[in-house]
>>> print(open('run_17.tsv').read())   # TSV, C-alpha atoms and all ligand atoms
chain	number	residue	atom	x	y	z
A	1	MET	CA	11.31	15.03	-7.81
A	2	ARG	CA	10.38	11.62	-6.48
A	3	MET	CA	7.25	9.62	-7.18
A	4	ARG	CA	4.78	9.40	-4.30
A	5	TYR	CA	1.92	6.92	-3.90
A	6	ILE	CA	-1.57	7.00	-2.48
A	7	ILE	CA	-3.11	3.55	-2.37
A	8	GLY	CA	-6.63	2.74	-1.19
A	9	ASN	CA	-7.33	-0.71	0.23
A	10	TRP	CA	-11.10	-1.16	0.21
A	11	LYS	CA	-10.84	-4.56	1.94
A	12	MET	CA	-14.22	-6.40	1.83
A	13	ASN	CA	-16.26	-3.30	1.03
A	14	GLY	CA	-18.01	-2.28	-2.16
A	15	LEU	CA	-20.73	-3.50	-4.53
A	16	ALA	CA	-21.10	-2.75	-8.24
A	17	ALA	CA	-22.63	0.67	-7.57
A	18	ASP	CA	-19.41	1.69	-5.81
A	19	LEU	CA	-17.47	1.62	-9.09
A	20	GLU	CA	-18.85	5.14	-9.32
A	21	LYS	CA	-16.51	6.06	-6.46
A	22	ILE	CA	-13.48	4.98	-8.47
A	23	ILE	CA	-14.70	7.14	-11.35
A	24	GLN	CA	-15.02	10.03	-8.88
A	25	ILE	CA	-11.50	9.40	-7.55
A	26	SER	CA	-10.19	9.46	-11.10
A	27	LYS	CA	-11.96	12.76	-11.89
A	28	LEU	CA	-10.92	14.41	-8.64
A	29	SER	CA	-7.33	13.29	-9.04
A	30	ASN	CA	-7.19	14.61	-12.60
A	31	ARG	CA	-8.58	17.93	-11.51
A	32	THR	CA	-6.62	18.50	-8.31
A	33	LEU	CA	-3.47	16.37	-8.06
A	34	GLN	CA	0.03	16.76	-9.51
A	35	PRO	CA	1.26	14.02	-11.87
A	36	ASP	CA	4.10	12.96	-9.54
A	37	LEU	CA	1.55	11.13	-7.39
A	38	THR	CA	0.45	7.63	-8.39
A	39	VAL	CA	-3.13	6.92	-7.34
A	40	VAL	CA	-4.06	3.26	-6.88
A	41	VAL	CA	-7.37	1.76	-5.74
A	42	CYS	CA	-7.56	-1.87	-4.59
A	43	PRO	CA	-11.25	-2.83	-4.60
A	44	PRO	CA	-12.53	-6.33	-3.78
A	45	ALA	CA	-11.90	-8.91	-6.53
A	46	THR	CA	-15.52	-8.83	-7.70
A	47	LEU	CA	-15.12	-5.19	-8.79
A	48	LEU	CA	-11.81	-5.62	-10.65
A	49	PRO	CA	-13.37	-6.26	-14.10
A	50	GLY	CA	-15.22	-2.90	-14.02
A	51	ALA	CA	-12.44	-1.05	-12.21
A	52	GLY	CA	-9.82	-2.10	-14.78
A	53	GLU	CA	-11.71	-0.12	-17.42
A	54	ILE	CA	-11.55	3.18	-15.54
A	55	HIS	CA	-8.79	5.49	-16.79
A	56	ASP	CA	-6.38	7.70	-14.86
A	57	VAL	CA	-6.29	5.58	-11.73
A	58	SER	CA	-4.27	2.40	-11.33
A	59	ILE	CA	-6.00	-0.69	-10.02
A	60	GLY	CA	-4.63	-3.18	-7.52
A	61	GLY	CA	-5.68	-6.58	-6.22
A	62	GLN	CA	-5.79	-7.34	-2.49
A	63	ASP	CA	-4.12	-10.73	-2.76
A	64	CYS	CA	-3.00	-13.30	-5.35
A	65	SER	CA	-2.09	-16.94	-5.49
A	66	PRO	CA	1.58	-17.94	-5.46
A	67	TYR	CA	0.68	-20.52	-8.14
A	68	GLU	CA	0.10	-20.01	-11.85
A	69	LYS	CA	-2.97	-22.25	-12.20
A	70	GLY	CA	-4.49	-25.52	-11.06
A	71	ALA	CA	-6.45	-27.05	-8.21
A	72	TYR	CA	-6.51	-24.07	-5.82
A	73	THR	CA	-10.18	-23.47	-5.08
A	74	GLY	CA	-11.07	-19.84	-4.45
A	75	GLU	CA	-7.67	-18.47	-5.44
A	76	ILE	CA	-6.94	-15.86	-8.11
A	77	SER	CA	-3.78	-16.09	-10.18
A	78	VAL	CA	-1.57	-13.23	-11.26
A	79	SER	CA	-2.44	-13.76	-14.94
A	80	MET	CA	-6.13	-13.49	-14.05
A	81	LEU	CA	-5.43	-10.15	-12.37
A	82	LYS	CA	-3.29	-8.98	-15.25
A	83	GLU	CA	-5.97	-9.78	-17.79
A	84	LEU	CA	-8.31	-7.37	-15.97
A	85	GLY	CA	-5.88	-4.45	-16.21
A	86	VAL	CA	-4.59	-4.78	-12.65
A	87	THR	CA	-1.05	-3.39	-12.20
A	88	TYR	CA	-0.50	-3.53	-8.41
A	89	CYS	CA	-1.27	-6.16	-5.80
A	90	ILE	CA	-1.25	-6.02	-2.00
A	91	ILE	CA	0.33	-9.10	-0.43
A	92	GLY	CA	1.00	-10.09	3.17
A	93	HIS	CA	-1.58	-7.76	4.68
A	94	SER	CA	-1.78	-8.40	8.43
A	95	GLU	CA	-5.44	-9.36	8.10
A	96	ARG	CA	-4.44	-12.17	5.73
A	97	ARG	CA	-1.41	-13.13	7.80
A	98	ALA	CA	-3.69	-13.42	10.87
A	99	ALA	CA	-6.85	-14.94	9.38
A	100	HIS	CA	-5.32	-17.09	6.61
A	101	GLY	CA	-2.01	-18.08	8.14
A	102	GLU	CA	-0.10	-16.37	5.36
A	103	LYS	CA	3.60	-16.78	6.15
A	104	SER	CA	6.38	-14.48	5.01
A	105	SER	CA	7.84	-17.24	2.81
A	106	ILE	CA	4.53	-17.40	0.89
A	107	VAL	CA	4.45	-13.61	0.64
A	108	ALA	CA	7.94	-13.69	-0.89
A	109	ARG	CA	6.78	-16.25	-3.46
A	110	LYS	CA	3.78	-14.13	-4.35
A	111	ALA	CA	6.09	-11.14	-4.80
A	112	ASP	CA	8.24	-13.11	-7.24
A	113	VAL	CA	5.24	-14.32	-9.22
A	114	LEU	CA	3.89	-10.75	-9.48
A	115	ILE	CA	7.26	-9.35	-10.54
A	116	SER	CA	7.75	-11.99	-13.20
A	117	ALA	CA	4.35	-11.01	-14.67
A	118	GLY	CA	5.30	-7.31	-14.62
A	119	LEU	CA	2.98	-6.32	-11.74
A	120	PHE	CA	4.04	-4.30	-8.70
A	121	PRO	CA	3.77	-6.13	-5.36
A	122	ILE	CA	2.81	-3.99	-2.35
A	123	ILE	CA	4.38	-6.02	0.45
A	124	CYS	CA	2.85	-5.32	3.87
A	125	VAL	CA	4.71	-5.73	7.16
A	126	GLY	CA	3.88	-4.61	10.68
A	127	GLU	CA	4.22	-5.51	14.34
A	128	PRO	CA	1.49	-6.47	16.83
A	129	ALA	CA	1.00	-4.34	19.95
A	130	GLU	CA	2.94	-6.83	22.15
A	131	SER	CA	6.06	-6.42	20.09
A	132	ARG	CA	5.76	-2.60	20.17
A	133	ASN	CA	5.27	-2.74	23.96
A	134	ARG	CA	8.33	-4.96	24.34
A	135	ASP	CA	10.35	-2.38	22.42
A	136	ASP	CA	11.04	-4.94	19.72
A	137	ALA	CA	9.08	-3.34	16.86
A	138	ILE	CA	12.05	-2.59	14.61
A	139	GLY	CA	13.55	-6.06	15.10
A	140	PHE	CA	10.18	-7.74	14.48
A	141	VAL	CA	9.34	-5.74	11.35
A	142	THR	CA	12.78	-5.85	9.72
A	143	ARG	CA	12.83	-9.63	10.25
A	144	MET	CA	9.37	-9.96	8.70
A	145	ALA	CA	10.36	-7.69	5.80
A	146	ARG	CA	13.59	-9.61	5.11
A	147	GLU	CA	11.64	-12.89	4.94
A	148	SER	CA	8.88	-11.38	2.75
A	149	LEU	CA	11.04	-9.75	0.08
A	150	PRO	CA	11.25	-11.26	-3.41
A	151	GLN	CA	14.30	-13.19	-4.58
A	152	SER	CA	14.16	-11.49	-7.96
A	153	ASP	CA	15.38	-7.96	-8.61
A	154	GLY	CA	12.14	-6.43	-9.88
A	155	PRO	CA	10.52	-3.36	-8.35
A	156	PHE	CA	8.17	-3.62	-5.37
A	157	LEU	CA	6.63	-1.34	-2.77
A	158	LEU	CA	6.96	-1.93	0.95
A	159	ALA	CA	4.17	-0.84	3.32
A	160	TYR	CA	4.68	-0.50	7.08
A	161	GLU	CA	1.34	-1.09	8.78
A	162	PRO	CA	1.51	-1.59	12.55
A	163	VAL	CA	-1.25	-4.06	13.40
A	164	TRP	CA	-2.38	-1.98	16.39
A	165	ALA	CA	-2.80	1.14	14.24
A	166	ILE	CA	-5.00	-0.47	11.58
A	167	GLY	CA	-8.63	0.57	11.94
A	168	SER	CA	-7.99	1.83	15.50
A	169	GLY	CA	-8.19	5.54	14.75
A	170	ARG	CA	-4.70	5.91	16.28
A	171	ALA	CA	-1.86	6.14	13.77
A	172	ALA	CA	1.73	5.48	14.81
A	173	SER	CA	3.58	8.62	15.87
A	174	VAL	CA	5.95	10.57	13.65
A	175	GLY	CA	8.89	9.29	15.75
A	176	GLU	CA	7.79	5.64	15.51
A	177	ILE	CA	7.27	5.85	11.74
A	178	SER	CA	10.54	7.75	11.18
A	179	ALA	CA	12.62	5.17	13.01
A	180	MET	CA	10.87	2.25	11.28
A	181	HIS	CA	11.10	3.73	7.79
A	182	ASP	CA	14.80	4.54	8.23
A	183	ALA	CA	15.37	0.88	9.11
A	184	LEU	CA	13.27	-0.29	6.13
A	185	ARG	CA	15.13	2.10	3.82
A	186	ASN	CA	18.42	0.44	4.82
A	187	LEU	CA	16.92	-2.94	4.11
A	188	ALA	CA	15.05	-2.23	0.87
A	189	GLY	CA	17.37	0.30	-0.78
A	190	PRO	CA	16.92	3.83	-2.08
A	191	GLN	CA	14.62	2.97	-5.00
A	192	THR	CA	11.89	1.12	-3.08
A	193	PRO	CA	8.82	3.23	-2.33
A	194	LEU	CA	8.02	2.99	1.40
A	195	LEU	CA	4.40	3.46	2.42
A	196	TYR	CA	2.84	3.95	5.82
A	197	GLY	CA	-0.62	2.55	6.63
A	198	GLY	CA	-2.76	2.51	9.76
A	199	SER	CA	-5.45	5.12	10.56
A	200	VAL	CA	-4.22	7.65	7.99
A	201	LYS	CA	-6.78	10.44	7.64
A	202	PRO	CA	-6.84	14.04	6.42
A	203	GLU	CA	-6.11	15.28	9.97
A	204	ASN	CA	-2.78	13.45	10.32
A	205	ALA	CA	-1.69	13.01	6.68
A	206	GLY	CA	0.16	16.35	6.48
A	207	ALA	CA	2.54	15.58	9.33
A	208	LEU	CA	3.07	11.95	8.26
A	209	ALA	CA	3.75	12.95	4.64
A	210	GLU	CA	6.66	15.14	5.79
A	211	ILE	CA	8.56	12.18	7.29
A	212	ARG	CA	11.81	11.70	5.35
A	213	ASN	CA	11.38	8.10	4.25
A	214	VAL	CA	7.61	8.10	3.77
A	215	ASP	CA	6.87	7.96	0.03
A	216	GLY	CA	3.14	7.44	0.34
A	217	PHE	CA	0.23	5.94	2.22
A	218	LEU	CA	-1.78	2.73	2.19
A	219	VAL	CA	-5.22	3.83	3.33
A	220	GLY	CA	-8.07	1.61	4.51
A	221	GLY	CA	-11.26	3.16	5.91
A	222	ALA	CA	-10.58	6.69	4.67
A	223	SER	CA	-10.19	5.46	1.08
A	224	LEU	CA	-13.89	4.53	0.90
A	225	ASP	CA	-14.89	8.16	0.58
A	226	PRO	CA	-13.42	9.71	-2.61
A	227	GLU	CA	-13.20	13.25	-1.26
A	228	THR	CA	-11.49	12.17	1.95
A	229	PHE	CA	-9.08	9.99	-0.03
A	230	ILE	CA	-8.17	12.86	-2.35
A	231	LYS	CA	-7.70	15.22	0.62
A	232	ILE	CA	-5.08	12.81	1.94
A	233	ALA	CA	-3.49	12.54	-1.52
A	234	ALA	CA	-3.25	16.32	-1.82
A	235	GLN	CA	-1.12	16.41	1.32
A	236	LEU	CA	1.42	14.07	-0.26
A	237	ASN	CA	1.59	16.49	-3.20
A	238	GLU	CA	2.07	19.36	-0.78
A	239	ALA	CA	4.84	17.54	1.11
A	240	GLU	CA	6.69	16.92	-2.14
A	241	ARG	CA	6.43	20.63	-3.08
A	242	ASN	CA	7.84	21.52	0.38
A	243	CYS	CA	10.63	19.04	-0.12
A	244	GLU	CA	11.55	20.58	-3.46
A	245	ARG	CA	11.48	24.11	-2.02
A	246	ALA	CA	13.75	23.01	0.85
A	247	SER	CA	16.30	21.47	-1.52
A	248	VAL	CA	16.67	24.58	-3.75
B	301	LIG	P1	-7.09	1.88	8.10
B	301	LIG	O1	-6.64	3.05	7.25
B	301	LIG	O2	-8.58	1.69	8.07
B	301	LIG	O3	-6.51	1.94	9.47
B	301	LIG	O4	-6.51	0.54	7.41
B	301	LIG	C1	-5.19	0.49	7.04
B	301	LIG	C2	-4.97	-0.72	6.22
B	301	LIG	O5	-5.08	-1.84	6.70
B	301	LIG	C3	-4.64	-0.53	4.80
B	301	LIG	O6	-4.18	-1.71	4.21
>>> encode(input="run_17.tsv", output="structure tokens")
Amino acid sequence: MRMRYIIGNWKMNGLAADLEKIIQISKLSNRTLQPDLTVVVCPPATLLPGAGEIHDVSIGGQDCSPYEKGAYTGEISVSMLKELGVTYCIIGHSERRAAHGEKSSIVARKADVLISAGLFPIICVGEPAESRNRDDAIGFVTRMARESLPQSDGPFLLAYEPVWAIGSGRAASVGEISAMHDALRNLAGPQTPLLYGGSVKPENAGALAEIRNVDGFLVGGASLDPETFIKIAAQLNEAERNCERASV
């Protein structure tokens, strides 16, 4: 049995009333999901204080500072996240790489800072459409991943999110994800959970969950509705049961 992960990235969505959705996710997951699935919700920073008090679902940040404290206006340090009960943190999301110039070397530093505080970094990598069209996706992403990995040995998760698949309604194909995740498995080793993200929804989650080196999903839009999110999660459970049956 291996651990699988369903992680919701709410991005810049959600006001205080939406904490109710995290409570709903926690109840639904308790009622319907197997314990070998870790459920994580990453709400915007303003909701972390309330979210950290909800049981049975892990909470993640969407970014953190590579520095411990000091004159970094607008930034949030890892100890600030930790104090709120946060255990995971997304870093290097393509939206931050594009809009905030976040380089892989900074992502690697953030990963080290998170690991040294005992939090799990969720390191995001992915290629733009041009690189996919040039047939250079695997080279591009493995390079980005190598430069974004922590120096320290601690555990981290690696999420493959092709930029062109995010929010487009068109997920990468089973073949594209298989080839990429096999390459990332070689790079990150057998213990690193590998997630796929980019237009995951209940309609495609079953097929994507069956891919050999897919250990879970990083879900954007579809994570904003608790029932939809849990439908996706249930398919990861189902894929793991199929995997176990096949190996008997
Ligand atoms: P969508 O699921 O909305 O395509 O977003 C994916 C994503 O960016 C998760 O981090």
>>> closest_atom_pairs(input="run_17.tsv", of="chain A", to="ligand LIG 301 (chain B)", cutoff="8 Å", atoms="all atoms listed in the file", output="tab-separated table")
residue	atom	partner	partner_atom	distance
A:Gly8	CA	B:LIG301	C3	7.1
A:Asn9	CA	B:LIG301	O6	5.2
A:Trp10	CA	B:LIG301	C3	7.9
A:Lys11	CA	B:LIG301	O6	7.6
A:His93	CA	B:LIG301	O6	6.6
A:Ser94	CA	B:LIG301	O5	7.5
A:Glu95	CA	B:LIG301	O5	7.7
A:Cys124	CA	B:LIG301	O6	7.9
A:Glu161	CA	B:LIG301	O5	6.8
A:Ala165	CA	B:LIG301	O3	6.1
A:Ile166	CA	B:LIG301	O3	3.5
A:Gly167	CA	B:LIG301	O3	3.5
A:Ser168	CA	B:LIG301	O3	6.2
A:Gly169	CA	B:LIG301	O3	6.6
A:Ala171	CA	B:LIG301	O3	7.6
A:Gly197	CA	B:LIG301	C1	5.0
A:Gly198	CA	B:LIG301	O3	3.8
A:Ser199	CA	B:LIG301	O3	3.5
A:Val200	CA	B:LIG301	O1	5.3
A:Lys201	CA	B:LIG301	O1	7.4
A:Leu218	CA	B:LIG301	C3	5.1
A:Val219	CA	B:LIG301	O1	4.2
A:Gly220	CA	B:LIG301	O1	3.4
A:Gly221	CA	B:LIG301	O2	3.7
A:Ala222	CA	B:LIG301	O1	6.0
A:Ser223	CA	B:LIG301	O1	7.5
>>> atom_distance(input="run_17.tsv", atom1="CA of Ala145 in chain A", atom2="CA of Val39 in chain A")
23.8 Å
>>> residues_around(input="run_17.tsv", residues="Glu130 in chain A", least_positions_apart="4", cutoff="12 Å", atoms="all atoms listed in the file", output="VMD selection string")
chain A and resid 126 134 to 137 140 162 to 164
>>> residues_near_point(input="run_17.tsv", point="(-6.7, -9.0, -6.0)", cutoff="12 Å", atoms="all atoms listed in the file", output="PDB file with C-alpha atoms, keeping the file's coordinate frame")
ATOM      1  CA  ASN A   9      -7.330  -0.710   0.230  1.00  0.00           C
ATOM      2  CA  TRP A  10     -11.100  -1.160   0.210  1.00  0.00           C
ATOM      3  CA  LYS A  11     -10.840  -4.560   1.940  1.00  0.00           C
ATOM      4  CA  MET A  12     -14.220  -6.400   1.830  1.00  0.00           C
ATOM      5  CA  VAL A  41      -7.370   1.760  -5.740  1.00  0.00           C
ATOM      6  CA  CYS A  42      -7.560  -1.870  -4.590  1.00  0.00           C
ATOM      7  CA  PRO A  43     -11.250  -2.830  -4.600  1.00  0.00           C
ATOM      8  CA  PRO A  44     -12.530  -6.330  -3.780  1.00  0.00           C
ATOM      9  CA  ALA A  45     -11.900  -8.910  -6.530  1.00  0.00           C
ATOM     10  CA  THR A  46     -15.520  -8.830  -7.700  1.00  0.00           C
ATOM     11  CA  LEU A  47     -15.120  -5.190  -8.790  1.00  0.00           C
ATOM     12  CA  LEU A  48     -11.810  -5.620 -10.650  1.00  0.00           C
ATOM     13  CA  PRO A  49     -13.370  -6.260 -14.100  1.00  0.00           C
ATOM     14  CA  ALA A  51     -12.440  -1.050 -12.210  1.00  0.00           C
ATOM     15  CA  GLY A  52      -9.820  -2.100 -14.780  1.00  0.00           C
ATOM     16  CA  ILE A  59      -6.000  -0.690 -10.020  1.00  0.00           C
ATOM     17  CA  GLY A  60      -4.630  -3.180  -7.520  1.00  0.00           C
ATOM     18  CA  GLY A  61      -5.680  -6.580  -6.220  1.00  0.00           C
ATOM     19  CA  GLN A  62      -5.790  -7.340  -2.490  1.00  0.00           C
ATOM     20  CA  ASP A  63      -4.120 -10.730  -2.760  1.00  0.00           C
ATOM     21  CA  CYS A  64      -3.000 -13.300  -5.350  1.00  0.00           C
ATOM     22  CA  SER A  65      -2.090 -16.940  -5.490  1.00  0.00           C
ATOM     23  CA  GLY A  74     -11.070 -19.840  -4.450  1.00  0.00           C
ATOM     24  CA  GLU A  75      -7.670 -18.470  -5.440  1.00  0.00           C
ATOM     25  CA  ILE A  76      -6.940 -15.860  -8.110  1.00  0.00           C
ATOM     26  CA  SER A  77      -3.780 -16.090 -10.180  1.00  0.00           C
ATOM     27  CA  VAL A  78      -1.570 -13.230 -11.260  1.00  0.00           C
ATOM     28  CA  SER A  79      -2.440 -13.760 -14.940  1.00  0.00           C
ATOM     29  CA  MET A  80      -6.130 -13.490 -14.050  1.00  0.00           C
ATOM     30  CA  LEU A  81      -5.430 -10.150 -12.370  1.00  0.00           C
ATOM     31  CA  LYS A  82      -3.290  -8.980 -15.250  1.00  0.00           C
ATOM     32  CA  GLU A  83      -5.970  -9.780 -17.790  1.00  0.00           C
ATOM     33  CA  LEU A  84      -8.310  -7.370 -15.970  1.00  0.00           C
ATOM     34  CA  GLY A  85      -5.880  -4.450 -16.210  1.00  0.00           C
ATOM     35  CA  VAL A  86      -4.590  -4.780 -12.650  1.00  0.00           C
ATOM     36  CA  THR A  87      -1.050  -3.390 -12.200  1.00  0.00           C
ATOM     37  CA  TYR A  88      -0.500  -3.530  -8.410  1.00  0.00           C
ATOM     38  CA  CYS A  89      -1.270  -6.160  -5.800  1.00  0.00           C
ATOM     39  CA  ILE A  90      -1.250  -6.020  -2.000  1.00  0.00           C
ATOM     40  CA  ILE A  91       0.330  -9.100  -0.430  1.00  0.00           C
ATOM     41  CA  HIS A  93      -1.580  -7.760   4.680  1.00  0.00           C
ATOM     42  CA  LYS A 110       3.780 -14.130  -4.350  1.00  0.00           C
ATOM     43  CA  LEU A 114       3.890 -10.750  -9.480  1.00  0.00           C
ATOM     44  CA  LEU A 119       2.980  -6.320 -11.740  1.00  0.00           C
ATOM     45  CA  PRO A 121       3.770  -6.130  -5.360  1.00  0.00           C
ATOM     46  CA  ILE A 122       2.810  -3.990  -2.350  1.00  0.00           C
TER      47      ILE A 122
END
>>> residues_around(input="run_17.tsv", residues="Gln24 in chain A", least_positions_apart="5", cutoff="12 Å", atoms="all atoms listed in the file", output="MDAnalysis selection string")
chainID A and resid 18:19 29:32 41 51 54:57 223:230
>>> atom_distance(input="run_17.tsv", atom1="CA of Ile25 in chain A", atom2="CA of Ala205 in chain A")
17.7 Å
>>> atom_distance(input="run_17.tsv", atom1="CA of Arg132 in chain A", atom2="CA of Ala172 in chain A")
10.5 Å
>>> closest_residue(input="run_17.tsv", among="A:Arg146, A:Arg2, A:Lys103, A:Arg97", to="Ala188 in chain A", atoms="all atoms listed in the file")
A:Arg146
>>> closest_residue(input="run_17.tsv", among="A:Ala117, A:Ala16, A:Met3, A:Val214", to="Arg185 in chain A", atoms="only C-alpha atoms")
A:Val214
>>> axis_aligned_box(input="run_17.tsv", around="range 204-221 of chain A", padding_each_side="4 Å", output="lines of an AutoDock Vina configuration file")
center_x = 0.3
center_y = 9.0
center_z = 5.2
size_x = 31.1
size_y = 22.7
size_z = 18.3
>>> residues_around(input="run_17.tsv", residues="Thr38 in chain A", least_positions_apart="6", cutoff="7 Å", atoms="only C-alpha atoms", output="PyMOL selection string")
chain A and resi 4-6
>>> closest_residue(input="run_17.tsv", among="A:Asn237, A:Asn13, A:Ser105, A:Gln191", to="Ser148 in chain A", atoms="all atoms listed in the file")
A:Ser105
>>> closest_residue(input="run_17.tsv", among="A:Glu68, A:Asp153, A:Asp182, A:Glu127", to="Ile115 in chain A", atoms="all atoms listed in the file")
A:Asp153
